[in-house]
Each structure stands twice: as structure tokens, then as C-alpha cells.
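One structure is given below, encoded as C-alpha cells.
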Amino acid sequence: MEISTRTKQLKAIFSYDKKVILEDQPLEIRPYHFIQNMGVNEIEQFQQLLPTNEFCSIPDNNIQENKSFSYTIFTPKGSRKTNQAILLLHGLNERNWDKYLTWAEYLSLATGKAVILFPIAFHMNRTPGNWYNPRALMPWVARRKQEVEHLNNSTFVNVALSYRLSDTPLRFYISGKESMFNLWQLFREIKTGQHLLFEKDSSINIFAYSIGAFLSQILMLANPEHLLDDSKLFLFCGGSIFSQMDGSARDIMDQEAYRRVKNYLLVELN
């Protein structure tokens, strides 16, 4: 079966709200709810310092979708508890899991392990709905092109991230730190047997793509509470140091936003 056809089939049945049983494969997709509690005070102290703007008048620390959200796991049918997990981390500015569904399906079928689709901060379903609504975003694209002369790679796909990072490039760091705390919390839940799907001391490996690769490298180096002592990491289309990246792209962020972030991290902080 062509991957495009399979992607459409999985997209049609994927849900954050209910368990989905794949009729043609020995797999099911289970939703789980996550409420962040680790590092909350530290992150909120940072987020309270960030100014709001016209694009989003809600302070980052008050965006509830980012604090409490659902994530999904591909797992063999009928399994009550398992002891093997693969965390699949996505790329920057992703708003849906569509292209990753076939990845998760294949990984779970090929390894027999549960594959966790976990969103990083302010991505996927962790944002207000108007951040990925084309009709709501097109006026902002037009406005941004008026505000920034000779702007390249500005689209409705990336305008939300571009506005937020251009306005306050510190958000790149804070959101990454928040994601680190979230993954630390998830790993602890799994390793201590608190997670409903996993046995205590389950193995956790990571399949990381793009900015997910960058994030996972930091996570492996930090290795909080030695939770990743036995974890293995696979990097796909990612892993370079920040100074060697180029985030300007029609589906990631526009040229001005990337210039602001790069200058902030490599020049202003030094």
C-alpha cells in the first residue's frame, strides 16, 4: 500500500478522545491525558515575563491547552500492560500527527513495542485552535508582509510561530525547557509504574525527528534522575548544533523570525 493512501486511512480514524482499533492490523491507538506538574512554577515564572501581543493576547502561562492535553500511543491489540516503549518526537511547528501516523504504525508492528506520540510545548493540540486555522491566519500573513520588508517564507502555516518568536525569541528556550520537564515527568511516570499502560522499569527508547532530535539530545545529556541510563536514541533529519541549523522555511518559520531567534541565542546572550 502506498504511504499516502495509508496516511489518509489512519488520519480518518485517528482520535485524541477515544481508543481506535485498527481493523487490518494487530494494533490499537489509545489516548491518554497529561497534566503537567513537574517544573510548573519555574516555567510560569519565565512565562510571566513574556509580553503579549496583538496576535495572541493570552499570556503563555494562561494557555490551558498547553498545560493539560491528550497524547496517543500505538500499542498491540488487547495489551493491558507492556514493558517496552518508543517515544516518537516530532519537528518544529507541527500542528497535526498526520505524517507520523504511518511511522508510528510501522515502528509498533516491526518492534512489538508501544509507540508514544507526545507533543512538545505549544505544538499539535497544545495550542488554541485559531493558531492553525487558515481562514483566521491569512489576514495575519498579509499584515506581517506589510510590517517586514522583503519578507521570505511567510505563510499561514508558520505565521503563528513566526509572530511569537519574532516578538520574543526567548520563547524558543522557554518552550524547550517546558518540553524537557514534560518528558521528564512522562519518563518518571513510566519508570515508576504510575502509567496505566507500562510496567515498572519499562525500557524507553527514542525516535526523534528534526527539532525533536535537538530536544532529545539535550534530554539524553541531562538524563534527569538517571531515567535514561538504558535508553537508545535514533536521530532522523536532525541533530546538528543550533549554529548549523536553518529554520527559515514555509512550513517552519519565516526568515525574519529565524533571524531574530538566531541573533538572540548566538549574539545577544553572549
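Within each chain, counting starts at residue 1; across the C-alpha cells, chains are named A, B, ... in the order shown, with ligands numbered 1 upward in that order.
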
From the DSSP assignment of the backbone, select every residue of stretch 95-211 of chain A that is helix (DSSP H, G or I), and format the answer as a ChimeraX atom specification.
-> /A:98-111,129-131,134-147,159-167,170-191,211

Kindly export the residues of the current selection with C-alpha atoms, as a PDB file, in the first residue's frame.
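Result written to selection_34.pdb:
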```
ATOM      1  CA  ASP A  98      -0.762  13.100  10.033  1.00  0.00           C
ATOM      2  CA  LYS A  99       2.632  12.246   8.552  1.00  0.00           C
ATOM      3  CA  TYR A 100       3.776  10.482  11.712  1.00  0.00           C
ATOM      4  CA  LEU A 101       0.897   8.003  11.892  1.00  0.00           C
ATOM      5  CA  THR A 102       2.450   5.599   9.391  1.00  0.00           C
ATOM      6  CA  TRP A 103       5.782   5.960  11.171  1.00  0.00           C
ATOM      7  CA  ALA A 104       4.249   5.008  14.496  1.00  0.00           C
ATOM      8  CA  GLU A 105       2.309   2.134  12.943  1.00  0.00           C
ATOM      9  CA  TYR A 106       5.414   0.681  11.300  1.00  0.00           C
ATOM     10  CA  LEU A 107       7.566   1.073  14.411  1.00  0.00           C
ATOM     11  CA  SER A 108       4.985  -0.663  16.583  1.00  0.00           C
ATOM     12  CA  LEU A 109       4.430  -3.500  14.078  1.00  0.00           C
ATOM     13  CA  ALA A 110       8.151  -4.032  13.458  1.00  0.00           C
ATOM     14  CA  THR A 111       9.229  -3.972  17.101  1.00  0.00           C
ATOM     15  CA  GLY A 129      -7.480  26.387  17.572  1.00  0.00           C
ATOM     16  CA  ASN A 130      -7.041  29.689  15.729  1.00  0.00           C
ATOM     17  CA  TRP A 131      -3.275  29.127  15.581  1.00  0.00           C
ATOM     18  CA  PRO A 134      -6.075  29.061   7.662  1.00  0.00           C
ATOM     19  CA  ARG A 135      -9.035  31.433   7.423  1.00  0.00           C
ATOM     20  CA  ALA A 136      -8.136  33.085  10.725  1.00  0.00           C
ATOM     21  CA  LEU A 137      -4.432  33.276   9.878  1.00  0.00           C
ATOM     22  CA  MET A 138      -4.427  34.691   6.334  1.00  0.00           C
ATOM     23  CA  PRO A 139      -5.019  38.312   7.484  1.00  0.00           C
ATOM     24  CA  TRP A 140      -2.011  37.951   9.788  1.00  0.00           C
ATOM     25  CA  VAL A 141       0.141  36.779   6.873  1.00  0.00           C
ATOM     26  CA  ALA A 142      -0.830  39.888   4.907  1.00  0.00           C
ATOM     27  CA  ARG A 143      -0.146  42.100   7.899  1.00  0.00           C
ATOM     28  CA  ARG A 144       3.259  40.537   8.562  1.00  0.00           C
ATOM     29  CA  LYS A 145       4.336  41.051   4.971  1.00  0.00           C
ATOM     30  CA  GLN A 146       3.448  44.726   5.358  1.00  0.00           C
ATOM     31  CA  GLU A 147       5.356  45.022   8.632  1.00  0.00           C
ATOM     32  CA  VAL A 159       2.715  32.796  10.854  1.00  0.00           C
ATOM     33  CA  ALA A 160       1.732  31.890  14.437  1.00  0.00           C
ATOM     34  CA  LEU A 161       5.209  30.640  15.353  1.00  0.00           C
ATOM     35  CA  SER A 162       6.864  33.459  13.408  1.00  0.00           C
ATOM     36  CA  TYR A 163       4.951  36.190  15.222  1.00  0.00           C
ATOM     37  CA  ARG A 164       5.560  34.654  18.637  1.00  0.00           C
ATOM     38  CA  LEU A 165       9.289  34.111  18.132  1.00  0.00           C
ATOM     39  CA  SER A 166       9.932  37.430  16.405  1.00  0.00           C
ATOM     40  CA  ASP A 167       8.192  39.200  19.252  1.00  0.00           C
ATOM     41  CA  LEU A 170      13.258  33.789  24.461  1.00  0.00           C
ATOM     42  CA  ARG A 171      10.124  31.682  23.859  1.00  0.00           C
ATOM     43  CA  PHE A 172      12.245  29.193  21.911  1.00  0.00           C
ATOM     44  CA  TYR A 173      14.276  28.418  25.034  1.00  0.00           C
ATOM     45  CA  ILE A 174      11.369  28.511  27.494  1.00  0.00           C
ATOM     46  CA  SER A 175       9.212  26.184  25.406  1.00  0.00           C
ATOM     47  CA  GLY A 176      12.119  23.792  25.049  1.00  0.00           C
ATOM     48  CA  LYS A 177      12.664  23.810  28.798  1.00  0.00           C
ATOM     49  CA  GLU A 178       8.954  23.195  29.369  1.00  0.00           C
ATOM     50  CA  SER A 179       9.065  20.250  26.964  1.00  0.00           C
ATOM     51  CA  MET A 180      12.037  18.845  28.866  1.00  0.00           C
ATOM     52  CA  PHE A 181      10.102  18.967  32.139  1.00  0.00           C
ATOM     53  CA  ASN A 182       7.118  17.294  30.423  1.00  0.00           C
ATOM     54  CA  LEU A 183       9.247  14.430  29.106  1.00  0.00           C
ATOM     55  CA  TRP A 184      10.958  14.073  32.467  1.00  0.00           C
ATOM     56  CA  GLN A 185       7.514  13.728  34.060  1.00  0.00           C
ATOM     57  CA  LEU A 186       6.393  11.208  31.423  1.00  0.00           C
ATOM     58  CA  PHE A 187       9.535   9.104  31.828  1.00  0.00           C
ATOM     59  CA  ARG A 188       9.153   9.131  35.598  1.00  0.00           C
ATOM     60  CA  GLU A 189       5.513   8.011  35.324  1.00  0.00           C
ATOM     61  CA  ILE A 190       6.552   5.122  33.098  1.00  0.00           C
ATOM     62  CA  LYS A 191       9.627   4.058  35.059  1.00  0.00           C
ATOM     63  CA  ILE A 211      13.741  19.709  16.374  1.00  0.00           C
TER      64      ILE A 211
END
```

Which polymer residues have any atom within 12 Å of an atom of A:Lys77, counting only C-alpha atoms, with same-chain residues fewer than 2 positions away left out, as a list in words?
-> Lys19, Val20, Ile21, Leu22, Glu23, Asp24, Gln25, Pro26, Leu27, Glu28, Ile29, Arg30, Ile73, Phe74, Thr75, Ser79, Arg80, Lys81, Thr82, Ser108, Leu109, Gly112, Lys113 and Ala114 of chain A

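Comparing the minimum interatomic distances between A:Ala121 and each of A:Arg250, A:Lys18, A:Arg95, A:Lys8, counting only C-alpha atoms, we find that A:Arg95 sits nearest.
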
Taking the chain letters and numbering used in this document, name the residues of stretch 80-121 of chain A that DSSP puts in strand (DSSP E), as JSON, numbers by chain.
-> {"A": [82, 83, 84, 85, 86, 87, 88, 89, 114, 115, 116, 117]}

Go ahead and dump the residues you just picked, all heavy atoms, as a PDB file, in the first residue's frame.
```pdb
ATOM      1  N   THR A  82       2.557  -3.234  29.121  1.00  0.00           N
ATOM      2  CA  THR A  82       3.740  -3.641  28.383  1.00  0.00           C
ATOM      3  C   THR A  82       4.966  -3.091  29.088  1.00  0.00           C
ATOM      4  O   THR A  82       4.846  -2.234  29.980  1.00  0.00           O
ATOM      5  CB  THR A  82       3.677  -3.144  26.927  1.00  0.00           C
ATOM      6  OG1 THR A  82       4.834  -3.598  26.215  1.00  0.00           O
ATOM      7  CG2 THR A  82       3.619  -1.627  26.876  1.00  0.00           C
ATOM      8  N   ASN A  83       6.140  -3.566  28.707  1.00  0.00           N
ATOM      9  CA  ASN A  83       7.359  -3.088  29.363  1.00  0.00           C
ATOM     10  C   ASN A  83       8.357  -2.490  28.373  1.00  0.00           C
ATOM     11  O   ASN A  83       9.532  -2.354  28.687  1.00  0.00           O
ATOM     12  CB  ASN A  83       8.026  -4.218  30.148  1.00  0.00           C
ATOM     13  CG  ASN A  83       8.455  -5.380  29.261  1.00  0.00           C
ATOM     14  OD1 ASN A  83       8.276  -5.347  28.040  1.00  0.00           O
ATOM     15  ND2 ASN A  83       9.014  -6.414  29.862  1.00  0.00           N
ATOM     16  N   GLN A  84       7.855  -2.141  27.172  1.00  0.00           N
ATOM     17  CA  GLN A  84       8.741  -1.577  26.162  1.00  0.00           C
ATOM     18  C   GLN A  84       8.060  -0.414  25.444  1.00  0.00           C
ATOM     19  O   GLN A  84       6.935  -0.545  24.973  1.00  0.00           O
ATOM     20  CB  GLN A  84       9.134  -2.637  25.129  1.00  0.00           C
ATOM     21  CG  GLN A  84       9.906  -3.810  25.722  1.00  0.00           C
ATOM     22  CD  GLN A  84      10.298  -4.808  24.652  1.00  0.00           C
ATOM     23  OE1 GLN A  84      11.391  -4.741  24.102  1.00  0.00           O
ATOM     24  NE2 GLN A  84       9.399  -5.716  24.335  1.00  0.00           N
ATOM     25  N   ALA A  85       8.761   0.703  25.379  1.00  0.00           N
ATOM     26  CA  ALA A  85       8.188   1.902  24.764  1.00  0.00           C
ATOM     27  C   ALA A  85       9.181   2.559  23.823  1.00  0.00           C
ATOM     28  O   ALA A  85      10.393   2.504  24.031  1.00  0.00           O
ATOM     29  CB  ALA A  85       7.769   2.896  25.844  1.00  0.00           C
ATOM     30  N   ILE A  86       8.638   3.198  22.781  1.00  0.00           N
ATOM     31  CA  ILE A  86       9.412   4.080  21.903  1.00  0.00           C
ATOM     32  C   ILE A  86       8.720   5.440  21.924  1.00  0.00           C
ATOM     33  O   ILE A  86       7.534   5.537  21.621  1.00  0.00           O
ATOM     34  CB  ILE A  86       9.477   3.553  20.458  1.00  0.00           C
ATOM     35  CG1 ILE A  86      10.205   2.207  20.401  1.00  0.00           C
ATOM     36  CG2 ILE A  86      10.183   4.576  19.551  1.00  0.00           C
ATOM     37  CD1 ILE A  86      10.183   1.577  19.015  1.00  0.00           C
ATOM     38  N   LEU A  87       9.445   6.455  22.303  1.00  0.00           N
ATOM     39  CA  LEU A  87       8.921   7.823  22.269  1.00  0.00           C
ATOM     40  C   LEU A  87       9.229   8.407  20.904  1.00  0.00           C
ATOM     41  O   LEU A  87      10.386   8.449  20.479  1.00  0.00           O
ATOM     42  CB  LEU A  87       9.578   8.663  23.359  1.00  0.00           C
ATOM     43  CG  LEU A  87       9.283  10.160  23.334  1.00  0.00           C
ATOM     44  CD1 LEU A  87       7.820  10.426  23.679  1.00  0.00           C
ATOM     45  CD2 LEU A  87      10.204  10.913  24.289  1.00  0.00           C
ATOM     46  N   LEU A  88       8.202   8.864  20.176  1.00  0.00           N
ATOM     47  CA  LEU A  88       8.381   9.470  18.869  1.00  0.00           C
ATOM     48  C   LEU A  88       8.216  10.981  19.006  1.00  0.00           C
ATOM     49  O   LEU A  88       7.146  11.462  19.372  1.00  0.00           O
ATOM     50  CB  LEU A  88       7.366   8.898  17.870  1.00  0.00           C
ATOM     51  CG  LEU A  88       7.648   9.111  16.377  1.00  0.00           C
ATOM     52  CD1 LEU A  88       6.828   8.130  15.536  1.00  0.00           C
ATOM     53  CD2 LEU A  88       7.349  10.529  15.912  1.00  0.00           C
ATOM     54  N   LEU A  89       9.296  11.717  18.721  1.00  0.00           N
ATOM     55  CA  LEU A  89       9.278  13.174  18.844  1.00  0.00           C
ATOM     56  C   LEU A  89       9.241  13.827  17.464  1.00  0.00           C
ATOM     57  O   LEU A  89       9.996  13.437  16.570  1.00  0.00           O
ATOM     58  CB  LEU A  89      10.500  13.665  19.618  1.00  0.00           C
ATOM     59  CG  LEU A  89      10.542  13.305  21.107  1.00  0.00           C
ATOM     60  CD1 LEU A  89      11.851  13.786  21.729  1.00  0.00           C
ATOM     61  CD2 LEU A  89       9.356  13.907  21.843  1.00  0.00           C
ATOM     62  N   ALA A 114       5.175  -0.390  22.247  1.00  0.00           N
ATOM     63  CA  ALA A 114       4.232   0.731  22.253  1.00  0.00           C
ATOM     64  C   ALA A 114       4.965   1.982  21.789  1.00  0.00           C
ATOM     65  O   ALA A 114       6.087   2.252  22.229  1.00  0.00           O
ATOM     66  CB  ALA A 114       3.675   0.935  23.655  1.00  0.00           C
ATOM     67  N   VAL A 115       4.342   2.740  20.897  1.00  0.00           N
ATOM     68  CA  VAL A 115       4.954   3.951  20.351  1.00  0.00           C
ATOM     69  C   VAL A 115       4.152   5.164  20.829  1.00  0.00           C
ATOM     70  O   VAL A 115       2.966   5.300  20.534  1.00  0.00           O
ATOM     71  CB  VAL A 115       5.003   3.911  18.810  1.00  0.00           C
ATOM     72  CG1 VAL A 115       5.601   5.203  18.259  1.00  0.00           C
ATOM     73  CG2 VAL A 115       5.827   2.714  18.346  1.00  0.00           C
ATOM     74  N   ILE A 116       4.827   6.051  21.546  1.00  0.00           N
ATOM     75  CA  ILE A 116       4.189   7.207  22.170  1.00  0.00           C
ATOM     76  C   ILE A 116       4.323   8.432  21.274  1.00  0.00           C
ATOM     77  O   ILE A 116       5.438   8.837  20.934  1.00  0.00           O
ATOM     78  CB  ILE A 116       4.835   7.511  23.535  1.00  0.00           C
ATOM     79  CG1 ILE A 116       4.817   6.265  24.428  1.00  0.00           C
ATOM     80  CG2 ILE A 116       4.146   8.683  24.217  1.00  0.00           C
ATOM     81  CD1 ILE A 116       5.673   6.407  25.683  1.00  0.00           C
ATOM     82  N   LEU A 117       3.197   9.029  20.899  1.00  0.00           N
ATOM     83  CA  LEU A 117       3.190  10.281  20.147  1.00  0.00           C
ATOM     84  C   LEU A 117       2.939  11.409  21.139  1.00  0.00           C
ATOM     85  O   LEU A 117       1.797  11.672  21.528  1.00  0.00           O
ATOM     86  CB  LEU A 117       2.098  10.262  19.077  1.00  0.00           C
ATOM     87  CG  LEU A 117       2.154   9.128  18.049  1.00  0.00           C
ATOM     88  CD1 LEU A 117       1.020   9.266  17.047  1.00  0.00           C
ATOM     89  CD2 LEU A 117       3.496   9.114  17.326  1.00  0.00           C
TER      90      LEU A 117
END
```

Can you tell me, as JSON, numbers by chain, what residues are no more than 6 Å from stretch 67-71 of chain A when counting only C-alpha atoms, ignoring any on the same chain fewer than 5 positions away?
-> {"A": [16, 31, 32, 33, 34, 35, 36, 118]}

Would you save the residues of that selection, restricted to all heavy atoms, as a CSV table (one decimal), in the first residue's frame?
```csv
chain,number,residue,atom,x,y,z
A,16,TYR,N,-8.0,11.9,19.5
A,16,TYR,CA,-7.4,12.2,20.8
A,16,TYR,C,-8.3,11.8,21.9
A,16,TYR,O,-7.9,11.8,23.1
A,16,TYR,CB,-7.2,13.7,20.9
A,16,TYR,CG,-6.0,14.3,20.2
A,16,TYR,CD1,-6.2,15.2,19.1
A,16,TYR,CD2,-4.7,13.9,20.5
A,16,TYR,CE1,-5.1,15.7,18.4
A,16,TYR,CE2,-3.6,14.4,19.8
A,16,TYR,CZ,-3.8,15.3,18.8
A,16,TYR,OH,-2.8,15.9,18.1
A,31,PRO,N,-5.7,6.9,23.6
A,31,PRO,CA,-5.5,8.2,24.1
A,31,PRO,C,-5.2,8.2,25.6
A,31,PRO,O,-5.8,7.4,26.4
A,31,PRO,CB,-6.8,8.9,23.8
A,31,PRO,CG,-7.8,7.9,23.9
A,31,PRO,CD,-7.2,6.6,23.5
A,32,TYR,N,-4.3,9.1,26.0
A,32,TYR,CA,-4.0,9.3,27.5
A,32,TYR,C,-4.0,10.8,27.7
A,32,TYR,O,-3.7,11.6,26.8
A,32,TYR,CB,-2.7,8.7,27.8
A,32,TYR,CG,-2.7,7.2,27.8
A,32,TYR,CD1,-2.4,6.5,26.6
A,32,TYR,CD2,-3.1,6.4,28.9
A,32,TYR,CE1,-2.5,5.1,26.5
A,32,TYR,CE2,-3.2,5.0,28.8
A,32,TYR,CZ,-2.9,4.4,27.6
A,32,TYR,OH,-2.9,3.0,27.6
A,33,HIS,N,-4.3,11.2,29.0
A,33,HIS,CA,-4.3,12.6,29.3
A,33,HIS,C,-3.1,12.9,30.1
A,33,HIS,O,-2.7,12.2,31.0
A,33,HIS,CB,-5.6,13.0,30.1
A,33,HIS,CG,-5.9,14.4,30.1
A,33,HIS,ND1,-6.3,15.1,29.0
A,33,HIS,CD2,-5.7,15.4,31.1
A,33,HIS,CE1,-6.4,16.4,29.3
A,33,HIS,NE2,-6.1,16.6,30.6
A,34,PHE,N,-2.6,14.1,29.9
A,34,PHE,CA,-1.4,14.6,30.6
A,34,PHE,C,-1.6,15.9,31.2
A,34,PHE,O,-2.1,16.9,30.5
A,34,PHE,CB,-0.2,14.7,29.6
A,34,PHE,CG,1.1,15.0,30.2
A,34,PHE,CD1,2.0,14.0,30.6
A,34,PHE,CD2,1.5,16.4,30.4
A,34,PHE,CE1,3.2,14.3,31.2
A,34,PHE,CE2,2.7,16.7,30.9
A,34,PHE,CZ,3.6,15.7,31.4
A,35,ILE,N,-1.4,16.1,32.5
A,35,ILE,CA,-1.4,17.4,33.2
A,35,ILE,C,-0.1,17.6,33.7
A,35,ILE,O,0.5,16.9,34.6
A,35,ILE,CB,-2.5,17.3,34.3
A,35,ILE,CG1,-3.9,17.0,33.8
A,35,ILE,CG2,-2.5,18.7,35.0
A,35,ILE,CD1,-4.9,16.9,34.8
A,36,GLN,N,0.6,18.7,33.2
A,36,GLN,CA,1.9,18.9,33.6
A,36,GLN,C,2.0,19.4,35.1
A,36,GLN,O,1.2,20.3,35.5
A,36,GLN,CB,2.6,19.9,32.7
A,36,GLN,CG,2.0,21.3,32.6
A,36,GLN,CD,2.8,22.2,31.7
A,36,GLN,OE1,3.6,21.8,30.9
A,36,GLN,NE2,2.6,23.5,31.9
A,118,PHE,N,4.0,12.1,21.5
A,118,PHE,CA,3.9,13.1,22.6
A,118,PHE,C,4.3,14.5,22.0
A,118,PHE,O,5.4,14.7,21.5
A,118,PHE,CB,4.9,12.7,23.8
A,118,PHE,CG,4.6,13.5,25.0
A,118,PHE,CD1,3.7,13.1,26.0
A,118,PHE,CD2,5.3,14.7,25.2
A,118,PHE,CE1,3.4,13.8,27.1
A,118,PHE,CE2,5.0,15.5,26.4
A,118,PHE,CZ,4.1,15.0,27.3
```

Counting only C-alpha atoms, which residues in stretch 67-185 of chain A sit no more than 6 Å from stretch 251-266 of chain A? For each one, give the nearest pair of atoms and the distance in Å, sorted by chain then residue number, as CSV.
```
residue,atom,partner,partner_atom,distance
A:Asn93,CA,A:Ile252,CA,5.3
A:Asn152,CA,A:Gln255,CA,5.5
A:Asn153,CA,A:Asp254,CA,4.7
A:Ser154,CA,A:Asp254,CA,4.9
A:Val157,CA,A:Asp251,CA,5.7
A:Asn158,CA,A:Met253,CA,5.0
A:Ser162,CA,A:Ala257,CA,5.1
A:Leu165,CA,A:Ala257,CA,5.8
A:Ser166,CA,A:Ala257,CA,4.6
A:Pro169,CA,A:Val261,CA,4.9
```

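Using only C-alpha atoms for every distance, the candidate list A:Ser57, A:Ile63, A:Phe198, A:Arg6 yields A:Ile63 as the residue closest to A:Glu44.
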
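Straight-line separation from atom CA of A:Trp97 to atom CA of A:Thr127: 14.0 Å.
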
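Between atom CA of A:Ile120 and atom CA of A:Tyr209 lies a distance of 12.1 Å.
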
One decimal, Å: what's the distance from atom CA of A:Gly247 over to atom CA of A:Gly212, could you say?
-> 13.4 Å

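Minimum atom-to-atom distance to A:Asp246, evaluated using only C-alpha atoms, belongs to A:Ser210 out of A:Ser216, A:Asn205, A:Thr52, A:Ser210.
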